[in-house]
Structures are given as structure tokens and as C-alpha cells.
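Next comes my_file_12.cif, a file with mmCIF, C-alpha atoms and all ligand atoms.
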```cif
data_entry
loop_
_atom_site.label_atom_id
_atom_site.label_comp_id
_atom_site.auth_asym_id
_atom_site.auth_seq_id
_atom_site.Cartn_x
_atom_site.Cartn_y
_atom_site.Cartn_z
CA MET A 1 1.95 11.14 12.21
CA SER A 2 4.08 12.26 9.30
CA LEU A 3 5.94 10.35 6.64
CA ARG A 4 8.40 12.06 4.37
CA GLY A 5 10.68 10.80 1.65
CA GLU A 6 13.49 13.19 0.79
CA ASN A 7 15.36 12.90 -2.51
CA LEU A 8 14.94 9.15 -2.58
CA SER A 9 16.89 7.22 -5.19
CA TRP A 10 17.53 3.53 -5.58
CA LYS A 11 19.99 2.02 -8.02
CA THR A 12 20.94 -1.53 -8.73
CA ARG A 13 23.79 -2.75 -10.93
CA GLY A 14 24.30 0.77 -12.22
CA LYS A 15 20.64 1.09 -13.24
CA ILE A 16 18.51 3.85 -11.70
CA ILE A 17 15.16 2.41 -10.61
CA VAL A 18 13.87 5.34 -8.55
CA GLU A 19 15.37 8.78 -8.99
CA ASN A 20 15.25 11.71 -6.63
CA VAL A 21 11.69 11.34 -5.35
CA SER A 22 10.56 13.69 -2.58
CA LEU A 23 7.18 13.06 -1.07
CA ASP A 24 5.36 14.43 1.96
CA VAL A 25 2.47 12.25 3.10
CA ARG A 26 0.02 14.34 5.09
CA HIS A 27 -1.43 13.17 8.38
CA GLY A 28 -4.59 11.12 7.75
CA GLU A 29 -4.47 11.41 3.99
CA PHE A 30 -5.29 8.64 1.53
CA LEU A 31 -2.51 8.93 -1.05
CA GLY A 32 -2.64 6.81 -4.19
CA LEU A 33 0.56 5.80 -5.96
CA VAL A 34 -0.09 5.19 -9.64
CA GLY A 35 2.03 4.54 -12.72
CA SER A 36 2.69 1.95 -15.37
CA ASN A 37 4.28 -1.43 -14.70
CA GLY A 38 7.92 -0.98 -13.75
CA SER A 39 7.61 2.75 -12.99
CA GLY A 40 9.06 2.26 -9.50
CA LYS A 41 5.99 2.19 -7.23
CA SER A 42 6.96 -0.94 -5.28
CA THR A 43 10.56 0.19 -4.96
CA LEU A 44 9.43 3.55 -3.59
CA LEU A 45 6.99 1.89 -1.17
CA ARG A 46 9.70 -0.47 0.08
CA MET A 47 11.95 2.51 0.78
CA LEU A 48 9.12 4.34 2.58
CA ALA A 49 8.51 1.17 4.63
CA GLY A 50 12.16 0.97 5.63
CA LEU A 51 12.60 -2.37 3.89
CA ARG A 52 14.89 -1.07 1.18
CA SER A 53 17.73 1.30 1.99
CA PRO A 54 17.81 4.21 -0.43
CA SER A 55 21.00 4.58 -2.47
CA SER A 56 20.65 8.24 -1.59
CA GLY A 57 18.09 10.34 0.25
CA ALA A 58 16.24 9.50 3.47
CA VAL A 59 12.85 8.62 4.92
CA PHE A 60 11.56 10.42 8.00
CA LEU A 61 8.84 9.04 10.24
CA ASN A 62 7.53 11.73 12.58
CA ALA A 63 10.62 13.75 11.69
CA GLU A 64 12.91 10.91 12.86
CA PRO A 65 15.28 9.41 10.27
CA MET A 66 13.89 5.93 9.68
CA ALA A 67 17.38 4.54 9.08
CA LEU A 68 18.14 5.19 12.75
CA MET A 69 14.94 3.65 14.10
CA LYS A 70 14.52 0.14 15.49
CA ARG A 71 12.45 -2.23 13.34
CA ARG A 72 10.04 -2.77 16.22
CA ASP A 73 9.46 0.96 16.67
CA ILE A 74 8.77 1.35 12.96
CA ALA A 75 6.38 -1.63 13.05
CA ARG A 76 4.39 -0.04 15.87
CA GLN A 77 3.76 2.97 13.69
CA MET A 78 3.58 1.56 10.21
CA ALA A 79 2.37 -1.63 8.51
CA PHE A 80 3.16 -2.67 4.98
CA VAL A 81 1.06 -4.98 2.80
CA GLU A 82 3.44 -6.18 0.14
CA GLN A 83 2.62 -7.56 -3.25
CA GLN A 84 3.06 -11.33 -3.50
CA ALA A 85 4.16 -11.86 0.10
CA ASP A 86 3.95 -15.57 0.83
CA THR A 87 5.09 -18.09 3.40
CA ASP A 88 5.88 -21.80 3.40
CA ASP A 89 5.19 -22.04 7.12
CA ALA A 90 2.43 -24.46 8.09
CA ILE A 91 0.18 -21.83 9.65
CA THR A 92 -3.51 -21.03 9.59
CA ALA A 93 -5.03 -17.77 8.40
CA ARG A 94 -5.56 -16.77 12.04
CA THR A 95 -1.91 -17.44 12.96
CA ALA A 96 -0.82 -15.31 10.00
CA VAL A 97 -2.83 -12.43 11.48
CA HIS A 98 -1.33 -13.07 14.95
CA VAL A 99 2.00 -11.99 13.45
CA GLY A 100 0.62 -8.45 13.30
CA ARG A 101 0.66 -8.28 17.09
CA THR A 102 4.41 -9.06 17.34
CA PRO A 103 5.62 -5.45 17.71
CA TRP A 104 3.32 -5.01 20.71
CA LEU A 105 4.35 -8.14 22.62
CA SER A 106 7.11 -8.39 25.20
CA PRO A 107 7.87 -10.45 28.31
CA LEU A 108 6.07 -7.72 30.29
CA SER A 109 3.21 -7.58 27.82
CA PRO A 110 2.51 -11.16 26.72
CA TRP A 111 -0.33 -12.31 24.48
CA SER A 112 -3.68 -11.55 26.10
CA ALA A 113 -7.42 -11.68 25.46
CA SER A 114 -7.20 -8.20 23.99
CA ASP A 115 -4.79 -9.48 21.29
CA ASP A 116 -7.29 -12.25 20.52
CA ARG A 117 -10.00 -9.62 20.10
CA ILE A 118 -7.86 -7.45 17.84
CA VAL A 119 -7.04 -10.45 15.63
CA GLN A 120 -10.70 -11.47 15.50
CA ASP A 121 -11.78 -7.92 14.57
CA ALA A 122 -9.11 -7.75 11.84
CA LEU A 123 -10.29 -11.07 10.37
CA ALA A 124 -13.89 -9.84 10.48
CA ALA A 125 -12.96 -6.55 8.78
CA VAL A 126 -11.66 -8.44 5.73
CA ASP A 127 -14.46 -11.02 5.78
CA MET A 128 -12.21 -13.97 6.67
CA ILE A 129 -13.64 -15.23 9.98
CA HIS A 130 -15.12 -18.27 8.27
CA LYS A 131 -11.68 -19.28 6.92
CA ALA A 132 -9.68 -18.36 10.01
CA ASN A 133 -8.63 -21.92 10.81
CA GLN A 134 -7.85 -22.94 7.25
CA PRO A 135 -4.17 -23.69 6.45
CA TRP A 136 -2.44 -20.78 4.72
CA ASN A 137 -1.27 -22.85 1.75
CA THR A 138 -4.86 -23.85 0.92
CA LEU A 139 -6.17 -20.27 0.73
CA SER A 140 -6.88 -18.70 -2.66
CA GLY A 141 -4.83 -15.73 -3.87
CA GLY A 142 -7.57 -13.28 -2.91
CA GLU A 143 -8.06 -14.88 0.51
CA LYS A 144 -4.32 -14.66 1.20
CA GLN A 145 -4.42 -11.02 0.20
CA ARG A 146 -7.27 -10.35 2.63
CA VAL A 147 -5.36 -12.12 5.42
CA HIS A 148 -2.32 -9.93 4.69
CA ILE A 149 -4.50 -6.87 5.08
CA ALA A 150 -5.92 -8.29 8.33
CA ARG A 151 -2.35 -8.81 9.59
CA ALA A 152 -1.59 -5.17 8.85
CA LEU A 153 -4.81 -4.05 10.62
CA ALA A 154 -3.95 -6.20 13.65
CA GLN A 155 -0.65 -4.34 13.84
CA GLN A 156 -2.75 -1.22 14.66
CA PRO A 157 -0.39 1.18 12.93
CA GLU A 158 -0.98 4.87 12.41
CA THR A 159 0.22 4.53 8.85
CA LEU A 160 -0.55 1.89 6.26
CA LEU A 161 1.45 1.25 3.11
CA LEU A 162 -0.17 -1.10 0.63
CA ASP A 163 1.17 -2.38 -2.68
CA GLU A 164 -1.76 -3.13 -4.98
CA PRO A 165 -3.89 -4.64 -2.18
CA THR A 166 -6.84 -5.25 -4.49
CA ASN A 167 -4.84 -7.58 -6.75
CA HIS A 168 -6.51 -11.00 -6.83
CA LEU A 169 -9.70 -9.72 -5.19
CA ASP A 170 -13.11 -10.22 -6.72
CA ILE A 171 -15.05 -7.03 -7.40
CA ARG A 172 -17.07 -7.15 -4.16
CA HIS A 173 -13.94 -7.54 -2.04
CA GLN A 174 -12.05 -4.90 -4.06
CA ILE A 175 -14.72 -2.36 -3.25
CA GLY A 176 -15.11 -3.65 0.32
CA ILE A 177 -11.38 -3.45 1.09
CA LEU A 178 -10.91 -0.01 -0.48
CA ASP A 179 -13.94 1.27 1.37
CA LEU A 180 -12.65 -0.20 4.64
CA LEU A 181 -9.15 1.30 4.16
CA HIS A 182 -10.68 4.65 3.34
CA ARG A 183 -12.99 4.60 6.37
CA LEU A 184 -10.11 3.74 8.73
CA GLY A 185 -8.92 7.32 8.27
CA LYS A 186 -5.28 6.33 8.76
CA THR A 187 -2.42 7.90 6.89
CA THR A 188 -2.35 5.60 3.87
CA VAL A 189 -0.14 5.20 0.83
CA ILE A 190 -1.64 2.75 -1.60
CA ALA A 191 -0.29 1.62 -4.98
CA LEU A 192 -3.18 1.16 -7.39
CA HIS A 193 -3.52 0.29 -11.05
CA ASP A 194 -7.22 1.00 -11.42
CA LEU A 195 -7.42 4.75 -11.98
CA ASN A 196 -11.12 4.72 -11.10
CA HIS A 197 -10.11 3.35 -7.70
CA ALA A 198 -7.51 6.11 -7.54
CA MET A 199 -10.36 8.61 -7.87
CA MET A 200 -11.25 7.96 -4.21
CA CYS A 201 -7.80 9.14 -3.05
CA ASP A 202 -7.27 12.56 -1.50
CA ARG A 203 -4.21 12.94 -3.70
CA ILE A 204 -2.35 10.76 -6.14
CA ALA A 205 1.38 10.58 -6.80
CA ILE A 206 2.11 9.60 -10.38
CA MET A 207 5.33 7.69 -11.08
CA LYS A 208 6.87 7.52 -14.52
CA ASP A 209 10.22 5.91 -15.33
CA GLY A 210 11.31 5.99 -11.69
CA ARG A 211 10.53 9.67 -11.21
CA LEU A 212 7.65 11.43 -9.52
CA TRP A 213 5.75 12.90 -12.47
CA ASP A 214 3.34 14.92 -10.35
CA ILE A 215 1.32 14.87 -7.16
CA GLY A 216 -2.11 16.38 -6.62
CA THR A 217 -5.82 15.62 -6.55
CA PRO A 218 -7.08 12.95 -8.99
CA ASP A 219 -9.40 15.52 -10.55
CA ASP A 220 -6.53 17.88 -11.26
CA LEU A 221 -4.02 15.30 -12.43
CA LEU A 222 -5.96 12.73 -14.42
CA THR A 223 -6.28 14.87 -17.50
CA LYS A 224 -6.43 13.58 -21.07
CA GLU A 225 -2.89 14.87 -21.57
CA THR A 226 -1.49 13.05 -18.52
CA LEU A 227 -3.30 9.81 -19.36
CA ARG A 228 -1.71 9.97 -22.79
CA ALA A 229 1.77 10.98 -21.61
CA VAL A 230 2.04 8.67 -18.60
CA PHE A 231 -0.14 5.68 -19.37
CA ASP A 232 -0.17 5.87 -23.17
CA ILE A 233 -3.96 5.64 -23.30
CA HIS A 234 -6.85 7.79 -24.36
CA GLY A 235 -9.20 8.48 -21.49
CA HIS A 236 -11.89 10.89 -20.55
CA PHE A 237 -14.28 11.49 -17.70
CA VAL A 238 -17.90 10.38 -17.96
CA THR A 239 -20.60 11.52 -15.55
CA ASP A 240 -22.82 8.88 -14.02
CA PRO A 241 -26.39 10.10 -14.56
CA THR A 242 -27.62 8.25 -11.45
CA ASP A 243 -25.57 10.24 -8.95
CA GLY A 244 -23.51 12.77 -10.89
CA SER A 245 -20.19 11.15 -9.94
CA ARG A 246 -17.38 11.13 -12.48
CA PHE A 247 -15.48 8.10 -13.69
CA LEU A 248 -12.84 7.47 -16.32
CA ARG A 249 -13.43 5.68 -19.56
CA PHE A 250 -10.42 4.42 -21.53
CA ALA A 251 -9.48 3.44 -25.03
CA ALA A 252 -6.13 2.26 -26.40
N1 LIG B 1 16.22 -6.06 -7.42
C1 LIG B 1 16.08 -5.60 -8.68
N2 LIG B 1 17.02 -5.83 -9.60
C2 LIG B 1 16.88 -5.37 -10.87
N3 LIG B 1 15.82 -4.64 -11.29
C3 LIG B 1 14.88 -4.38 -10.39
C4 LIG B 1 14.93 -4.83 -9.04
N4 LIG B 1 13.81 -4.42 -8.41
C5 LIG B 1 13.08 -3.75 -9.32
N5 LIG B 1 13.71 -3.73 -10.51
C6 LIG B 1 13.22 -3.08 -11.74
O1 LIG B 1 12.87 -1.77 -11.40
C7 LIG B 1 11.71 -1.35 -12.11
C8 LIG B 1 10.68 -0.85 -11.13
O2 LIG B 1 10.16 -1.96 -10.40
P1 LIG B 1 8.96 -1.79 -9.37
O3 LIG B 1 8.61 -3.15 -8.89
O4 LIG B 1 9.34 -0.78 -8.37
O5 LIG B 1 7.83 -1.20 -10.32
P2 LIG B 1 6.26 -1.04 -10.10
O6 LIG B 1 5.91 0.34 -10.54
O7 LIG B 1 5.89 -1.43 -8.72
O8 LIG B 1 5.71 -2.08 -11.15
P3 LIG B 1 4.34 -2.97 -11.20
O9 LIG B 1 3.21 -2.01 -11.51
O10 LIG B 1 4.60 -3.89 -12.35
O11 LIG B 1 4.19 -3.68 -9.89
C9 LIG B 1 11.27 -2.55 -12.92
O12 LIG B 1 11.72 -2.38 -14.25
C10 LIG B 1 11.96 -3.72 -12.27
O13 LIG B 1 12.25 -4.73 -13.20
#
```
Please rewrite the model in this file as C-alpha cells.
Amino acid sequence: MSLRGENLSWKTRGKIIVENVSLDVRHGEFLGLVGSNGSGKSTLLRMLAGLRSPSSGAVFLNAEPMALMKRRDIARQMAFVEQQADTDDAITARTAVHVGRTPWLSPLSPWSASDDRIVQDALAAVDMIHKANQPWNTLSGGEKQRVHIARALAQQPETLLLDEPTNHLDIRHQIGILDLLHRLGKTTVIALHDLNHAMMCDRIAIMKDGRLWDIGTPDDLLTKETLRAVFDIHGHFVTDPTDGSRFLRFAA
């Protein structure tokens, strides 16, 4: 499974939002996308997901130009958890997860017990079994977010793109979801604001003003100088005496 963005730019009303970003996502890697508000992370993710046509450049999924692929074929290989995706439909949490199975269904392959199992497993993975029959519009923000992730898991893609999936989640579910996504071992591109969460990524891609500032391991990239230049903060690593792991501490 390979995902590649080549010279991706997106402009609107004469304004450049993402400029000339090239990105190779390695098979099975957990790639964090970080950057300040408005730096172009969501726009880049939407292009990589095939939901936003680049003004120039191209996305390749397994070396195939995504622009030439059918939506259904993309959806069998890749799922996208968007920020603030919502629906007015009168559906339950479980029905929202059913949607993830759509790319796999056809008249010759109708809904079956195995789809039920996949949906149930996806709900269990995000700790939402107990709310499965609750109407969507009565779920909390964090519960909706977990259902979105379950929908993406039910899609059984090789690649997952997630736009700040831990938004709205309490601390236990933030850690639980990140841990789950990491353990899945799928090719993952995940936009994150918490740089300590980004520390668990194999590599991070840092966006600044619509451009790719740099890409590399969190240890290599999250230097004092970069924190200052990109995020306009002072930060330094601290070592946890209990296990020797490193985490970032920040000051304005
Ligand atoms: N359709 C649009 N029309 C005009 N401006 C847009 C449009 N979409 C995005 N932008 C602008 O492009 C910039 C990048 O937006 P984007 O959502 O990609 O940033 P982001 O890095 O994901 O931000 P955040 O961390 O706040 O989610 C922002 O300044 C935003 O206002």
C-alpha cells in the first residue's frame, strides 16, 4: 500500500492555501501531520483522501493516479475521519457505522452476518457498544467522534487518514484511540495538535503557512528551534524519571 502526494497545491479565490507539497507515506507507517491552526493540514488531508481536487499536482494510491480511480475503489483502500463531520439523518450510532461497509456491498455481495460482526467489532474497539442504539443526534461530541472512527474501522481500509481524531475526547479515550490506531499497524496519516501525542508517530510532517516545513522523526524535528519557528512557543524535552521516556514541556 503506498500513498504519494506529488507537488500538491490548492488555491481558492486567488489565495494559495497549500503550496507544492510532496509527501511519500510509507507502507504501514504512522505519520503525524502537525502545524498551527490554518497551516493547511485539513486541506492537504482532503486532497490525499481524494475529496478535494488539487489545483495542481496529483495523488497516487498504489502508484495509480487517484483522480482516475472510482470512489468505491478508493473507499475500499482508504478511510477518512474528517473533523466536524455530522449528519442530520435520523440514524443510530450503529447505523452510522454500517455506512463503513458500503464500499464492500453489491447485489452479489449483500449485507451478511460477517458485516454485522465487523460493525460490532468496530463499535467495541472505540468503546461504543453500550451506546450503539442511541440516536446520532443525542450523542456527545466525543461519542460522535468515536463512532466516526468506528465507521472508518468498519470500512477495513489499508490506509487511514484522520483529521484531529482526538478532538472532543476525554483523556482516557484520547489515549485509548491513539493506542488502538497505532496497534492497528495500518498506513496512517493523522493530523494532531498535541505534540506529545505526535511523539508516538514514526515520522511527522510539519506544515507551516501551507508548505511542508519538514518531515522526519519527532525526535529529530521537534527541536527548540523548530518549536519556536513553527509554533511560536518555547519548548524542551523532559525525561520521565519513572520510565526514562521523553516528553515536551511548553511555555509561551
Ligand atoms: N474553502 C475555503 N475558502 C477559503 N479559505 C479556506 C477554505 N478552506 C480552507 N481555507 C483557509 O485555508 C487555511 C488552511 O485551512 P486548513 O483547514 O487546511 O488548516 P488546518 O491546518 O487544518 O487548521 P486547523 O488546525 O485550525 O484545523 C485556513 O486559513 C483556512 O481559513
(message) Can you work out which residues are within 6 Å of ligand LIG 1 (chain B), considering only C-alpha atoms and all ligand atoms, and then hand them over as JSON, numbers by chain?
(response) {"A": [12, 17, 36, 37, 38, 39, 40, 41, 42, 43]}
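One distance worth recording is that between atom CA of Lys186 of chain A and atom CA of Ala93 of chain A, which is 24.1 Å.
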(message) Quick check, in Å to one decimal: how far apart do atom CA of Gln156 of chain A and atom CA of Asp170 of chain A lie?
(response) 25.4 Å
(message) Between atom CA of Ala252 of chain A and atom CA of His234 of chain A, what distance in Å does the model show, to one decimal?
(response)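 Taking atom CA of Ala252 of chain A as the start and atom CA of His234 of chain A as the end point, the length is 5.9 Å.
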Within 7 Å of segment 191-202 of chain A, which residues of segment 49-166 of chain A come that close, and what is the closest atom pair and distance in Å for each? Count all atoms listed in the file and give it as JSON lines.
```
{"residue": "A:Leu162", "atom": "CA", "partner": "A:Ala191", "partner_atom": "CA", "distance": 6.2}
{"residue": "A:Asp163", "atom": "CA", "partner": "A:Ala191", "partner_atom": "CA", "distance": 4.8}
{"residue": "A:Glu164", "atom": "CA", "partner": "A:Ala191", "partner_atom": "CA", "distance": 5.0}
```
Residues near segment 67-74 of chain A, cut-off 9 Å, only C-alpha atoms, skip fewer than 6 positions along chain, as a short mmCIF file (atom, residue, chain, number, x, y, z; two decimals) with C-alpha atoms, keeping the file's coordinate frame:
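The resulting file, out27.cif, is reproduced below:
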```
data_model
loop_
_atom_site.label_atom_id
_atom_site.label_comp_id
_atom_site.auth_asym_id
_atom_site.auth_seq_id
_atom_site.Cartn_x
_atom_site.Cartn_y
_atom_site.Cartn_z
CA ALA A 49 8.51 1.17 4.63
CA GLY A 50 12.16 0.97 5.63
CA SER A 53 17.73 1.30 1.99
CA ALA A 58 16.24 9.50 3.47
CA VAL A 59 12.85 8.62 4.92
CA PHE A 60 11.56 10.42 8.00
CA LEU A 61 8.84 9.04 10.24
CA THR A 102 4.41 -9.06 17.34
CA PRO A 103 5.62 -5.45 17.71
CA TRP A 104 3.32 -5.01 20.71
#
```
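Checking A:Leu33, A:Ile204, A:Ala150, A:Leu3 one by one against Met66 of chain A, counting all atoms listed in the file, you find the shortest gap at A:Leu3.
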(message) Residues within 7 Å of Glu19 of chain A, please, as a PyMOL selection string. Count all atoms listed in the file; anything in the same chain fewer than 2 positions from it doesn't count.
(response) chain A and resi 8-10+16-17+21+210-211
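Around segment 25-29 of chain A, within 6 Å and counting all atoms listed in the file, the residues found are A:Met1, A:Ser2, A:Leu3, A:Leu31, A:Gly185, A:Lys186, A:Thr187, once anything fewer than 2 positions away on its own chain is removed.
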Would you write out those residues with C-alpha atoms, as a PDB file, in the coordinates of the input?
```
ATOM      1  CA  MET A   1       1.950  11.140  12.210  1.00  0.00           C
ATOM      2  CA  SER A   2       4.080  12.260   9.300  1.00  0.00           C
ATOM      3  CA  LEU A   3       5.940  10.350   6.640  1.00  0.00           C
ATOM      4  CA  LEU A  31      -2.510   8.930  -1.050  1.00  0.00           C
ATOM      5  CA  GLY A 185      -8.920   7.320   8.270  1.00  0.00           C
ATOM      6  CA  LYS A 186      -5.280   6.330   8.760  1.00  0.00           C
ATOM      7  CA  THR A 187      -2.420   7.900   6.890  1.00  0.00           C
TER       8      THR A 187
END
```
(message) Neighbouring residues of Ala205 of chain A were defined as those with any atom within 7 Å, considering only C-alpha atoms; residues of the same chain fewer than 4 positions away were excluded. Please report them as a ChimeraX atom specification.
(response) /A:32-34,212,214-216
Written file, previous selection with C-alpha atoms, as a PDB file, keeping the file's coordinate frame:
```
ATOM      1  CA  GLY A  32      -2.640   6.810  -4.190  1.00  0.00           C
ATOM      2  CA  LEU A  33       0.560   5.800  -5.960  1.00  0.00           C
ATOM      3  CA  VAL A  34      -0.090   5.190  -9.640  1.00  0.00           C
ATOM      4  CA  LEU A 212       7.650  11.430  -9.520  1.00  0.00           C
ATOM      5  CA  ASP A 214       3.340  14.920 -10.350  1.00  0.00           C
ATOM      6  CA  ILE A 215       1.320  14.870  -7.160  1.00  0.00           C
ATOM      7  CA  GLY A 216      -2.110  16.380  -6.620  1.00  0.00           C
TER       8      GLY A 216
END
```
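If all atoms listed in the file are the atoms counted, then among A:Ile206, A:Val189, A:Ala79, A:Leu221 the closest residue to Arg151 of chain A is A:Ala79.
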(message) as a ChimeraX atom specification, please: the residues near Ser22 of chain A (cut-off 6 Å, all atoms listed in the file, same-chain neighbours under 5 positions excluded).
(response) /A:5-7
(request) Counting only C-alpha atoms, figure out which residue out of A:Leu153, A:Leu222, A:Phe80, A:Gly35 gets nearest to Phe247 of chain A. (result)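 Going through A:Leu153, A:Leu222, A:Phe80, A:Gly35 one by one, the smallest distance to Phe247 of chain A is for A:Leu222.
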(message) Just checking: using all atoms listed in the file, which residue out of A:Leu105, A:Leu23, A:Ala96, A:Ser55 ends up closest to Gln134 of chain A?
(response)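 Of the candidates, the smallest distance to Gln134 of chain A is held by A:Ala96.
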(message) Residues within 10 Å of (-10.2, -4.4, -3.6), file coordinates, counting all atoms listed in the file: what are they? Give the list as a list in words.
(response) Gly142, Gln145, Arg146, Glu164, Pro165, Thr166, Asn167, His168, Leu169, Asp170, Ile171, Arg172, His173, Gln174, Ile175, Gly176, Ile177, Leu178, Asp179, Leu180, Leu181, Leu192, Asp194 and His197 of chain A
Reconstruct N, CA and C atoms of segment 89-100 of chain A; output as a PDB file, keeping the file's coordinate frame.
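Final file, result-v3.pdb:
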```
ATOM      1  N   ASP A  89       5.453 -21.526   5.775  1.00  0.00           N
ATOM      2  CA  ASP A  89       5.190 -22.040   7.120  1.00  0.00           C
ATOM      3  C   ASP A  89       3.805 -22.692   7.174  1.00  0.00           C
ATOM      4  N   ALA A  90       3.714 -23.770   7.947  1.00  0.00           N
ATOM      5  CA  ALA A  90       2.430 -24.460   8.090  1.00  0.00           C
ATOM      6  C   ALA A  90       1.590 -23.729   9.136  1.00  0.00           C
ATOM      7  N   ILE A  91       0.965 -22.636   8.710  1.00  0.00           N
ATOM      8  CA  ILE A  91       0.180 -21.830   9.650  1.00  0.00           C
ATOM      9  C   ILE A  91      -1.246 -21.677   9.116  1.00  0.00           C
ATOM     10  N   THR A  92      -2.141 -21.309  10.020  1.00  0.00           N
ATOM     11  CA  THR A  92      -3.510 -21.030   9.590  1.00  0.00           C
ATOM     12  C   THR A  92      -3.627 -19.531   9.266  1.00  0.00           C
ATOM     13  N   ALA A  93      -4.769 -19.183   8.688  1.00  0.00           N
ATOM     14  CA  ALA A  93      -5.030 -17.770   8.400  1.00  0.00           C
ATOM     15  C   ALA A  93      -4.944 -16.965   9.704  1.00  0.00           C
ATOM     16  N   ARG A  94      -5.543 -17.509  10.772  1.00  0.00           N
ATOM     17  CA  ARG A  94      -5.560 -16.770  12.040  1.00  0.00           C
ATOM     18  C   ARG A  94      -4.132 -16.546  12.553  1.00  0.00           C
ATOM     19  N   THR A  95      -3.289 -17.586  12.463  1.00  0.00           N
ATOM     20  CA  THR A  95      -1.910 -17.440  12.960  1.00  0.00           C
ATOM     21  C   THR A  95      -1.159 -16.388  12.142  1.00  0.00           C
ATOM     22  N   ALA A  96      -1.471 -16.324  10.833  1.00  0.00           N
ATOM     23  CA  ALA A  96      -0.820 -15.310  10.000  1.00  0.00           C
ATOM     24  C   ALA A  96      -1.181 -13.902  10.495  1.00  0.00           C
ATOM     25  N   VAL A  97      -2.409 -13.747  10.975  1.00  0.00           N
ATOM     26  CA  VAL A  97      -2.830 -12.430  11.480  1.00  0.00           C
ATOM     27  C   VAL A  97      -2.213 -12.150  12.852  1.00  0.00           C
ATOM     28  N   HIS A  98      -1.992 -13.228  13.639  1.00  0.00           N
ATOM     29  CA  HIS A  98      -1.330 -13.070  14.950  1.00  0.00           C
ATOM     30  C   HIS A  98      -0.002 -12.319  14.803  1.00  0.00           C
ATOM     31  N   VAL A  99       0.677 -12.585  13.671  1.00  0.00           N
ATOM     32  CA  VAL A  99       2.000 -11.990  13.450  1.00  0.00           C
ATOM     33  C   VAL A  99       1.940 -10.457  13.572  1.00  0.00           C
ATOM     34  N   GLY A 100       0.779  -9.893  13.204  1.00  0.00           N
ATOM     35  CA  GLY A 100       0.620  -8.450  13.300  1.00  0.00           C
ATOM     36  C   GLY A 100       0.768  -7.905  14.712  1.00  0.00           C
TER      37      GLY A 100
END
```
